[in-house]
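> Please find final_9.tsv (TSV, C-alpha atoms and all ligand atoms) on the next line:
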chain	number	residue	atom	x	y	z
T	1	MET	CA	106.99	-9.50	113.59
T	2	SER	CA	108.57	-11.82	116.21
T	3	ALA	CA	111.29	-10.47	118.48
T	4	ALA	CA	114.83	-11.19	117.37
T	5	LEU	CA	116.82	-13.80	119.29
T	6	LEU	CA	120.21	-12.67	117.96
T	7	GLU	CA	120.99	-9.08	117.05
T	8	LEU	CA	124.16	-7.83	115.45
T	9	ASP	CA	124.28	-4.08	115.54
T	10	GLY	CA	126.94	-2.28	113.49
T	11	VAL	CA	129.45	-5.08	114.03
T	12	SER	CA	132.96	-4.64	112.62
T	13	LYS	CA	136.06	-6.74	113.09
T	14	ARG	CA	139.61	-5.81	112.20
T	15	PHE	CA	142.71	-7.95	112.62
T	16	ARG	CA	146.27	-6.82	112.57
T	17	ARG	CA	148.04	-8.50	109.67
T	18	LYS	CA	150.52	-11.10	110.90
T	19	ILE	CA	154.11	-9.94	110.55
T	20	SER	CA	155.94	-12.40	108.32
T	21	LEU	CA	159.50	-13.59	108.89
T	22	GLY	CA	160.53	-11.57	105.82
T	23	ASP	CA	158.97	-8.42	107.32
T	24	ARG	CA	160.77	-9.01	110.62
T	25	ILE	CA	164.12	-9.38	108.86
T	26	ALA	CA	163.44	-6.27	106.78
T	27	ALA	CA	162.48	-4.33	109.93
T	28	LYS	CA	165.70	-5.46	111.66
T	29	LEU	CA	167.67	-4.17	108.71
T	30	GLY	CA	166.00	-0.81	109.18
T	31	ALA	CA	163.39	-1.01	106.43
T	32	LYS	CA	159.97	0.51	107.10
T	33	VAL	CA	157.44	-2.33	107.37
T	34	GLU	CA	153.81	-1.43	107.05
T	35	THR	CA	151.48	-3.02	109.65
T	36	ARG	CA	148.11	-3.00	108.02
T	37	GLU	CA	144.74	-4.15	109.27
T	38	VAL	CA	142.50	-6.77	107.73
T	39	ARG	CA	138.93	-5.51	107.65
T	40	ALA	CA	137.23	-8.87	108.08
T	41	VAL	CA	133.74	-7.55	108.90
T	42	GLU	CA	132.47	-4.04	108.18
T	43	ASN	CA	129.49	-2.54	109.95
T	44	VAL	CA	127.14	-5.53	109.76
T	45	SER	CA	123.67	-5.30	111.27
T	46	LEU	CA	121.28	-8.22	111.11
T	47	SER	CA	118.94	-10.19	113.30
T	48	VAL	CA	117.88	-13.82	113.60
T	49	ILE	CA	114.36	-14.54	114.74
T	50	ARG	CA	113.52	-17.48	116.98
T	51	GLY	CA	112.81	-20.62	114.92
T	52	GLU	CA	114.38	-19.36	111.70
T	53	THR	CA	117.51	-20.50	109.86
T	54	LEU	CA	119.61	-17.79	108.30
T	55	GLY	CA	122.01	-18.86	105.54
T	56	LEU	CA	125.24	-16.82	105.47
T	57	VAL	CA	126.93	-17.17	102.10
T	58	GLY	CA	130.04	-15.85	100.38
T	59	GLU	CA	133.40	-16.82	98.95
T	60	SER	CA	136.18	-18.04	101.19
T	61	GLY	CA	137.74	-15.02	102.95
T	62	CYS	CA	134.62	-12.82	102.82
T	63	GLY	CA	134.30	-12.64	106.62
T	64	LYS	CA	131.36	-14.99	107.14
T	65	SER	CA	133.16	-17.28	109.62
T	66	THR	CA	134.44	-14.27	111.54
T	67	LEU	CA	130.88	-12.96	111.76
T	68	GLY	CA	129.72	-16.41	112.95
T	69	ARG	CA	132.38	-16.41	115.68
T	70	ILE	CA	131.31	-12.95	116.83
T	71	ALA	CA	127.68	-14.13	116.99
T	72	ALA	CA	128.80	-17.18	119.00
T	73	GLY	CA	130.76	-15.04	121.47
T	74	ILE	CA	134.04	-16.68	120.46
T	75	LEU	CA	135.53	-13.45	119.04
T	76	PRO	CA	134.98	-9.91	120.29
T	77	PRO	CA	133.91	-7.36	117.69
T	78	THR	CA	136.22	-4.37	117.20
T	79	SER	CA	133.11	-2.20	117.29
T	80	GLY	CA	129.37	-2.75	117.41
T	81	LYS	CA	127.33	-5.14	119.53
T	82	ALA	CA	126.24	-8.78	119.40
T	83	SER	CA	123.37	-9.63	121.73
T	84	LEU	CA	121.18	-12.61	122.46
T	85	ASP	CA	117.74	-11.83	123.85
T	86	GLY	CA	118.99	-8.31	124.46
T	87	ARG	CA	122.06	-9.38	126.50
T	88	PRO	CA	125.63	-9.23	125.20
T	89	VAL	CA	127.04	-12.58	124.05
T	90	MET	CA	130.43	-11.48	125.32
T	91	SER	CA	131.64	-9.59	128.38
T	92	GLU	CA	132.20	-5.89	127.80
T	93	SER	CA	134.76	-5.81	130.61
T	94	GLY	CA	137.60	-6.04	128.16
T	95	ARG	CA	138.39	-9.64	129.15
T	96	HIS	CA	136.34	-10.83	126.21
T	97	GLU	CA	135.04	-13.95	127.85
T	98	LYS	CA	132.06	-15.69	126.31
T	99	LEU	CA	129.01	-15.08	128.51
T	100	THR	CA	126.67	-17.72	127.24
T	101	THR	CA	126.50	-21.41	126.41
T	102	ARG	CA	123.20	-20.70	124.70
T	103	VAL	CA	125.00	-20.40	121.37
T	104	GLN	CA	126.75	-23.55	120.16
T	105	THR	CA	128.87	-23.94	117.04
T	106	VAL	CA	129.53	-26.86	114.69
T	107	PHE	CA	132.74	-26.33	112.71
T	108	GLN	CA	133.95	-27.66	109.37
T	109	ASP	CA	136.51	-29.94	111.00
T	110	PRO	CA	134.86	-31.87	113.84
T	111	PHE	CA	138.17	-33.64	114.57
T	112	ALA	CA	139.65	-30.34	115.77
T	113	SER	CA	137.01	-29.98	118.50
T	114	LEU	CA	137.08	-33.64	119.65
T	115	ASN	CA	139.84	-34.84	121.95
T	116	PRO	CA	141.29	-37.91	120.17
T	117	ARG	CA	141.90	-39.64	123.54
T	118	ARG	CA	138.39	-39.09	124.84
T	119	ARG	CA	135.49	-41.46	124.18
T	120	ILE	CA	132.75	-39.67	122.33
T	121	GLY	CA	130.17	-40.46	125.04
T	122	ASP	CA	132.33	-38.54	127.52
T	123	ALA	CA	132.82	-35.72	125.01
T	124	ILE	CA	129.04	-35.37	124.58
T	125	ALA	CA	128.30	-35.59	128.33
T	126	GLU	CA	131.03	-33.15	129.41
T	127	GLY	CA	129.22	-29.86	128.71
T	128	PRO	CA	125.74	-30.86	129.94
T	129	LEU	CA	127.25	-32.24	133.20
T	130	ALA	CA	129.33	-29.10	133.76
T	131	HIS	CA	126.31	-26.85	133.24
T	132	GLY	CA	123.81	-28.92	135.22
T	133	LEU	CA	121.67	-29.91	132.24
T	134	VAL	CA	121.91	-33.53	133.39
T	135	ASP	CA	123.24	-35.29	136.50
T	136	HIS	CA	125.60	-38.27	136.58
T	137	ALA	CA	122.73	-40.71	137.12
T	138	GLY	CA	121.01	-39.55	133.95
T	139	ALA	CA	124.12	-39.02	131.80
T	140	VAL	CA	124.15	-42.45	130.12
T	141	ALA	CA	120.56	-42.18	128.94
T	142	TYR	CA	121.11	-38.53	127.95
T	143	VAL	CA	124.11	-39.37	125.75
T	144	ALA	CA	122.27	-42.32	124.19
T	145	GLU	CA	119.39	-40.00	123.31
T	146	GLN	CA	121.74	-37.47	121.66
T	147	LEU	CA	123.44	-40.16	119.55
T	148	TYR	CA	120.14	-41.72	118.53
T	149	ARG	CA	118.83	-38.30	117.49
T	150	VAL	CA	121.66	-37.82	114.99
T	151	GLY	CA	121.28	-41.33	113.56
T	152	LEU	CA	124.15	-43.04	115.42
T	153	ASP	CA	123.92	-46.24	117.44
T	154	PRO	CA	124.09	-45.36	121.17
T	155	SER	CA	126.59	-48.21	121.64
T	156	TYR	CA	129.13	-46.03	119.77
T	157	ALA	CA	129.45	-43.92	122.93
T	158	SER	CA	132.48	-45.97	124.03
T	159	ARG	CA	134.40	-45.39	120.79
T	160	PHE	CA	137.11	-42.82	120.06
T	161	PRO	CA	136.88	-40.13	117.33
T	162	HIS	CA	139.32	-41.89	114.97
T	163	GLN	CA	136.93	-44.89	114.78
T	164	PHE	CA	134.36	-42.83	112.86
T	165	SER	CA	134.07	-41.60	109.27
T	166	GLY	CA	134.02	-37.87	108.47
T	167	GLY	CA	130.22	-37.84	108.17
T	168	GLN	CA	129.80	-39.70	111.47
T	169	ARG	CA	132.18	-37.30	113.21
T	170	GLN	CA	130.11	-34.39	111.98
T	171	ARG	CA	127.00	-36.10	113.40
T	172	ILE	CA	128.83	-36.42	116.73
T	173	ALA	CA	129.71	-32.71	116.61
T	174	ILE	CA	126.03	-31.88	116.00
T	175	ALA	CA	124.96	-34.20	118.86
T	176	ARG	CA	127.49	-32.56	121.15
T	177	ALA	CA	126.26	-29.07	120.28
T	178	LEU	CA	122.57	-29.99	120.65
T	179	ALA	CA	123.22	-31.73	123.99
T	180	MET	CA	123.77	-28.21	125.37
T	181	LYS	CA	120.17	-27.32	124.44
T	182	PRO	CA	121.33	-24.17	122.63
T	183	ASP	CA	118.98	-21.34	121.74
T	184	LEU	CA	121.09	-20.70	118.65
T	185	LEU	CA	123.12	-23.20	116.64
T	186	ILE	CA	125.82	-21.89	114.30
T	187	CYS	CA	126.99	-24.33	111.63
T	188	ASP	CA	130.19	-23.10	109.98
T	189	GLU	CA	130.75	-24.93	106.66
T	190	PRO	CA	129.74	-28.22	108.35
T	191	VAL	CA	129.68	-30.23	105.11
T	192	ALA	CA	132.45	-28.53	103.13
T	193	SER	CA	134.99	-31.31	103.71
T	194	LEU	CA	132.59	-34.22	103.10
T	195	ASP	CA	131.92	-36.21	99.92
T	196	VAL	CA	128.84	-35.04	98.02
T	197	SER	CA	126.73	-38.10	98.97
T	198	ILE	CA	127.64	-37.73	102.66
T	199	GLN	CA	126.98	-33.98	102.43
T	200	ALA	CA	123.40	-34.73	101.39
T	201	GLN	CA	122.93	-37.07	104.38
T	202	VAL	CA	124.20	-34.49	106.88
T	203	LEU	CA	122.09	-31.73	105.28
T	204	ASN	CA	119.00	-33.95	105.47
T	205	LEU	CA	119.78	-34.66	109.13
T	206	PHE	CA	120.01	-30.92	109.76
T	207	LEU	CA	116.65	-30.40	108.02
T	208	ASP	CA	115.02	-33.14	110.15
T	209	LEU	CA	116.48	-31.74	113.37
T	210	ARG	CA	115.46	-28.25	112.42
T	211	ARG	CA	111.84	-29.34	112.04
T	212	ALA	CA	111.78	-31.63	115.09
T	213	LEU	CA	113.46	-29.18	117.48
T	214	ASN	CA	112.31	-25.89	115.93
T	215	LEU	CA	115.97	-24.87	115.83
T	216	THR	CA	117.16	-21.33	115.43
T	217	ALA	CA	120.33	-21.49	113.35
T	218	ILE	CA	122.88	-19.70	111.22
T	219	PHE	CA	124.16	-21.92	108.44
T	220	ILE	CA	127.43	-20.65	106.94
T	221	SER	CA	128.54	-21.86	103.51
T	222	HIS	CA	130.45	-20.74	100.43
T	223	ASP	CA	127.85	-22.55	98.30
T	224	LEU	CA	124.44	-20.95	97.75
T	225	GLY	CA	123.16	-24.36	96.61
T	226	VAL	CA	123.95	-25.92	99.99
T	227	VAL	CA	121.89	-23.43	102.03
T	228	ARG	CA	119.06	-23.18	99.54
T	229	HIS	CA	116.71	-25.71	101.12
T	230	LEU	CA	117.85	-25.14	104.69
T	231	SER	CA	117.36	-21.42	105.10
T	232	ASP	CA	114.33	-19.22	105.60
T	233	ARG	CA	116.46	-16.19	104.77
T	234	VAL	CA	119.84	-15.77	103.15
T	235	ALA	CA	122.49	-13.08	103.72
T	236	ILE	CA	125.17	-12.71	101.05
T	237	MET	CA	128.56	-11.37	102.18
T	238	TYR	CA	131.29	-9.82	100.07
T	239	LEU	CA	134.56	-8.57	101.55
T	240	GLY	CA	133.15	-8.07	105.03
T	241	ARG	CA	129.86	-6.44	104.04
T	242	ILE	CA	126.34	-7.83	103.65
T	243	VAL	CA	125.43	-7.07	100.03
T	244	GLU	CA	122.01	-8.72	99.93
T	245	ILE	CA	119.64	-10.24	102.47
T	246	GLY	CA	116.11	-11.53	102.21
T	247	PRO	CA	113.82	-14.56	102.06
T	248	SER	CA	115.59	-17.52	100.42
T	249	ALA	CA	112.93	-18.32	97.86
T	250	GLU	CA	112.89	-14.73	96.59
T	251	ILE	CA	116.66	-14.37	96.46
T	252	TYR	CA	117.05	-17.58	94.47
T	253	ALA	CA	114.18	-16.65	92.15
T	254	SER	CA	115.24	-13.04	91.49
T	255	PRO	CA	118.61	-12.00	92.95
T	256	LYS	CA	118.96	-8.21	93.06
T	257	HIS	CA	122.70	-7.77	93.62
T	258	PRO	CA	125.12	-8.51	90.75
T	259	TYR	CA	127.29	-10.55	93.14
T	260	THR	CA	124.36	-12.75	94.17
T	261	GLN	CA	123.51	-13.18	90.50
T	262	ALA	CA	127.12	-14.13	89.79
T	263	LEU	CA	127.18	-16.61	92.69
T	264	LEU	CA	124.07	-18.31	91.36
T	265	THR	CA	125.55	-18.81	87.93
T	266	SER	CA	129.07	-19.66	89.06
T	267	VAL	CA	128.46	-23.20	90.27
T	268	PRO	CA	128.14	-25.91	87.62
T	269	ARG	CA	125.13	-28.14	88.34
T	270	LEU	CA	124.49	-31.60	86.99
T	271	ASN	CA	120.74	-31.15	87.36
T	272	ARG	CA	120.71	-27.80	85.55
T	273	HIS	CA	117.13	-28.36	84.34
T	274	ARG	CA	115.96	-28.17	87.95
T	275	GLU	CA	117.99	-25.01	88.58
T	276	GLY	CA	116.16	-22.88	86.06
T	277	ARG	CA	117.61	-21.53	82.85
T	278	ARG	CA	120.70	-19.78	84.25
T	279	ALA	CA	123.76	-20.63	82.18
T	280	PHE	CA	126.98	-21.54	83.99
T	281	ARG	CA	129.29	-18.50	84.19
T	282	PRO	CA	132.21	-18.36	86.64
T	283	ILE	CA	132.70	-15.08	88.53
T	284	ALA	CA	135.38	-13.00	86.84
T	285	GLY	CA	138.56	-12.27	88.79
T	286	GLU	CA	139.65	-13.10	92.30
T	287	LEU	CA	138.29	-11.91	95.64
T	288	PRO	CA	140.43	-8.81	96.41
T	289	SER	CA	142.53	-8.81	99.57
T	290	PRO	CA	140.70	-7.52	102.67
T	291	LEU	CA	144.02	-5.76	103.46
T	292	SER	CA	143.26	-3.24	100.73
T	293	PRO	CA	139.63	-3.57	99.64
T	294	PRO	CA	138.61	-1.66	96.49
T	295	SER	CA	137.16	1.81	97.03
T	296	GLY	CA	133.45	2.50	96.72
T	297	CYS	CA	131.57	-0.71	96.06
T	298	HIS	CA	134.03	-3.48	96.95
T	299	PHE	CA	132.62	-5.57	94.09
T	300	HIS	CA	133.25	-2.96	91.36
T	301	PRO	CA	136.46	-4.52	89.86
T	302	ARG	CA	134.49	-7.71	89.12
T	303	CYS	CA	131.14	-6.17	88.27
T	304	THR	CA	130.16	-5.87	84.61
T	305	LEU	CA	127.70	-3.08	85.46
T	306	ALA	CA	130.12	-0.85	87.41
T	307	THR	CA	129.93	2.91	86.83
T	308	ASP	CA	132.14	5.80	88.01
T	309	ARG	CA	129.86	6.23	91.02
T	310	CYS	CA	130.47	2.58	92.01
T	311	ARG	CA	134.23	3.24	92.17
T	312	THR	CA	133.93	6.05	94.71
T	313	GLU	CA	130.69	5.72	96.68
T	314	PRO	CA	130.01	2.64	98.85
T	315	PRO	CA	126.40	1.54	98.30
T	316	GLN	CA	124.26	1.19	101.45
T	317	LEU	CA	121.82	-1.65	102.07
T	318	ARG	CA	118.48	-0.37	100.75
T	319	SER	CA	115.01	-1.83	101.02
T	320	MET	CA	113.90	-3.70	97.92
T	321	GLY	CA	110.44	-4.35	99.46
T	322	SER	CA	109.06	-7.45	101.22
T	323	ASP	CA	111.89	-7.83	103.76
T	324	ARG	CA	114.56	-7.68	101.05
T	325	HIS	CA	117.63	-5.44	101.08
T	326	ALA	CA	120.50	-5.03	98.64
T	327	ALA	CA	123.60	-2.81	98.61
T	328	CYS	CA	123.93	-1.82	94.97
T	329	HIS	CA	123.46	1.60	93.35
T	330	LEU	CA	121.62	0.03	90.44
T	331	ALA	CA	119.47	-2.60	92.20
T	332	GLU	CA	115.72	-1.98	92.22
G	1	LIG	S1	127.16	-0.79	93.16
G	1	LIG	FE1	127.97	-0.81	91.08
G	1	LIG	S2	129.80	-2.11	91.16
G	1	LIG	FE2	128.59	-2.50	92.99
G	1	LIG	S3	127.35	-4.24	92.47
G	1	LIG	FE3	126.12	-2.43	92.03
G	1	LIG	S4	126.50	-1.97	89.88
G	1	LIG	FE4	128.11	-3.40	90.53
Go through the file and emit its structure as structure tokens.
Ligand code: SF4

Amino acid sequence: MSAALLELDGVSKRFRRKISLGDRIAAKLGAKVETREVRAVENVSLSVIRGETLGLVGESGCGKSTLGRIAAGILPPTSGKASLDGRPVMSESGRHEKLTTRVQTVFQDPFASLNPRRRIGDAIAEGPLAHGLVDHAGAVAYVAEQLYRVGLDPSYASRFPHQFSGGQRQRIAIARALAMKPDLLICDEPVASLDVSIQAQVLNLFLDLRRALNLTAIFISHDLGVVRHLSDRVAIMYLGRIVEIGPSAEIYASPKHPYTQALLTSVPRLNRHREGRRAFRPIAGELPSPLSPPSGCHFHPRCTLATDRCRTEPPQLRSMGSDRHAACHLAE
């Protein structure tokens, strides 16, 4: 087994709930206002091996983006450790600064990370120049190479972000991240805001880059279908916990956890004949609030198989053989 590049060891993240204006008024009037914590990530341990792509999947609000930010060193965990090649991705001094540029992130909204008044050539060159990956003499050729690699004409370097379409901006964000020669690329819902046809183009680009550069990546999405062909392994998250993890092909062929099974049948597909014989069935109920997650198995209020044990005892991730794990009392 190859050594892990990224290791998350018992990582948890809690946020204090924001105090609303209504709460502040009530507190001023003497009412007792509860300040509760959001348990965004609960005791997650996983590793990513060099050269592999891990898909991280779950409904909006399940904690997958928070976990991605912890892995990238953007957010400190409340407890547990995130390390890259055995070294922490974030200072343990309490100042919480990011220690490495070796992890780069592509976000859902590339506009947010591009300065609208900065030409995209400058935006791409900025990081590599600052970190000595290229000198000023080589910067023009370096930027041209990055743009060409993501399928954009190098002459676009002099344009501003607003002169590009959503798909092109996402290509620029990918070029900018790869220009830093990262060891690990984290893509957080990179196609969620794009039209379906553009989504396919960006996903194909990612697949090509993955093969050409032997990328190590975490691909975060709410849609199991999106990560299906991109990922070597898939981790399914539900309310802050990993509920199933294993090789993609096996998870899609025979999901062990009832939530994974529900996710696979909850997305209507036009090409259903290519998706096997699973009938479309939306997941019952809403994702509960992470402010007050259900006791025991967090999924029990929506699970058709739930027993009394499920309501009181949290299931642990157990081996299901061949590098597969699932957190369900009934999975086998
Ligand atoms: S532990 Fe129980 S409630 Fe949770 S997924 Fe398994 S069967 Fe359903």
> Counting all atoms listed in the file, what residues are within 12 Å of ligand LIG 1 (chain G), given as a VMD selection string?
chain T and resid 238 241 to 244 255 to 262 294 to 318 326 to 332
> Report the distance between CA of Met237 (chain T) and CA of Leu56 (chain T) in Å, rounded to one decimal place.
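Between CA of Met237 (chain T) and CA of Leu56 (chain T) the gap is 7.2 Å.
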> May I ask which of the residues T:Ser158, T:Ser60, T:Thr53, T:Ser322 is the closest one to Ala144 (chain T), counting all atoms listed in the file?
T:Ser158
> Expressed in Å to a single decimal, how great is the separation between CA of Thr66 (chain T) and CA of Lys13 (chain T)?
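Those two atoms sit 7.9 Å apart.
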> Counting only C-alpha atoms, write as a ChimeraX atom specification all protein and nucleic acid residues lying at most 12 Å from (128.5, -32.6, 118.3) in the file's frame.
/T:104-114,120-127,143,146-147,149-150,152,161,167-182,185-187,190
> Choose the residue, out of T:Ser155, T:Ser231, T:Thr265, T:Thr100, that has the smallest atom-to-atom separation from Pro88 (chain T); count only C-alpha atoms.
T:Thr100
> Any idea what the distance is between CA of Arg50 (chain T) and CA of Phe219 (chain T)?
14.3 Å
> Between T:Ala71, T:Leu46, T:Ala40, T:Met320, which one has atoms that come closest to Leu239 (chain T), using all atoms listed in the file?
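Among the listed residues, the smallest separation from Leu239 (chain T) belongs to T:Ala40.
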> With a distance cut-off of 9 Å and only C-alpha atoms, select the neighbouring residues of Leu291 (chain T), excluding the residue or stretch itself and same-chain residues fewer than 4 positions from it, and output the selection as number ranges by chain.
T: 17, 36-40
> So which residues touch Val48 (chain T) within 7 Å, counting all atoms listed in the file, skipping near sequence neighbours fewer than 5 positions away, as a count of residues only?
5
> Find the residues around Leu67 (chain T) up to 9 Å (only C-alpha atoms counted), leave out those fewer than 4 positions away in its own chain, and share them as a ChimeraX atom specification.
/T:11-13,40-41,44,63,71-72,75,77,240
> Complete region 129-141 of chain T at the level of N, CA and C atoms, written as a PDB file, keeping the file's coordinate frame.

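Result saved to rebuild13.pdb:
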ATOM      1  N   LEU T 129     126.956 -31.975 131.781  1.00  0.00           N
ATOM      2  CA  LEU T 129     127.250 -32.240 133.200  1.00  0.00           C
ATOM      3  C   LEU T 129     127.778 -30.974 133.867  1.00  0.00           C
ATOM      4  N   ALA T 130     128.710 -30.295 133.179  1.00  0.00           N
ATOM      5  CA  ALA T 130     129.330 -29.100 133.760  1.00  0.00           C
ATOM      6  C   ALA T 130     128.307 -27.990 133.984  1.00  0.00           C
ATOM      7  N   HIS T 131     127.289 -27.933 133.134  1.00  0.00           N
ATOM      8  CA  HIS T 131     126.310 -26.850 133.240  1.00  0.00           C
ATOM      9  C   HIS T 131     124.994 -27.289 133.870  1.00  0.00           C
ATOM     10  N   GLY T 132     124.980 -28.473 134.467  1.00  0.00           N
ATOM     11  CA  GLY T 132     123.810 -28.920 135.220  1.00  0.00           C
ATOM     12  C   GLY T 132     122.598 -29.260 134.371  1.00  0.00           C
ATOM     13  N   LEU T 133     122.812 -29.537 133.081  1.00  0.00           N
ATOM     14  CA  LEU T 133     121.670 -29.910 132.240  1.00  0.00           C
ATOM     15  C   LEU T 133     121.275 -31.359 132.480  1.00  0.00           C
ATOM     16  N   VAL T 134     122.185 -32.131 133.060  1.00  0.00           N
ATOM     17  CA  VAL T 134     121.910 -33.530 133.390  1.00  0.00           C
ATOM     18  C   VAL T 134     122.812 -33.889 134.581  1.00  0.00           C
ATOM     19  N   ASP T 135     122.352 -34.855 135.401  1.00  0.00           N
ATOM     20  CA  ASP T 135     123.240 -35.290 136.500  1.00  0.00           C
ATOM     21  C   ASP T 135     123.908 -36.608 136.109  1.00  0.00           C
ATOM     22  N   HIS T 136     124.847 -37.071 136.945  1.00  0.00           N
ATOM     23  CA  HIS T 136     125.600 -38.270 136.580  1.00  0.00           C
ATOM     24  C   HIS T 136     124.695 -39.482 136.414  1.00  0.00           C
ATOM     25  N   ALA T 137     123.632 -39.550 137.198  1.00  0.00           N
ATOM     26  CA  ALA T 137     122.730 -40.710 137.120  1.00  0.00           C
ATOM     27  C   ALA T 137     122.024 -40.748 135.755  1.00  0.00           C
ATOM     28  N   GLY T 138     121.760 -39.578 135.209  1.00  0.00           N
ATOM     29  CA  GLY T 138     121.010 -39.550 133.950  1.00  0.00           C
ATOM     30  C   GLY T 138     121.897 -39.421 132.719  1.00  0.00           C
ATOM     31  N   ALA T 139     123.226 -39.340 132.917  1.00  0.00           N
ATOM     32  CA  ALA T 139     124.120 -39.020 131.800  1.00  0.00           C
ATOM     33  C   ALA T 139     124.132 -40.095 130.709  1.00  0.00           C
ATOM     34  N   VAL T 140     124.083 -41.375 131.111  1.00  0.00           N
ATOM     35  CA  VAL T 140     124.150 -42.450 130.120  1.00  0.00           C
ATOM     36  C   VAL T 140     122.948 -42.375 129.175  1.00  0.00           C
ATOM     37  N   ALA T 141     121.768 -42.253 129.765  1.00  0.00           N
ATOM     38  CA  ALA T 141     120.560 -42.180 128.940  1.00  0.00           C
ATOM     39  C   ALA T 141     120.563 -40.906 128.088  1.00  0.00           C
TER      40      ALA T 141
END
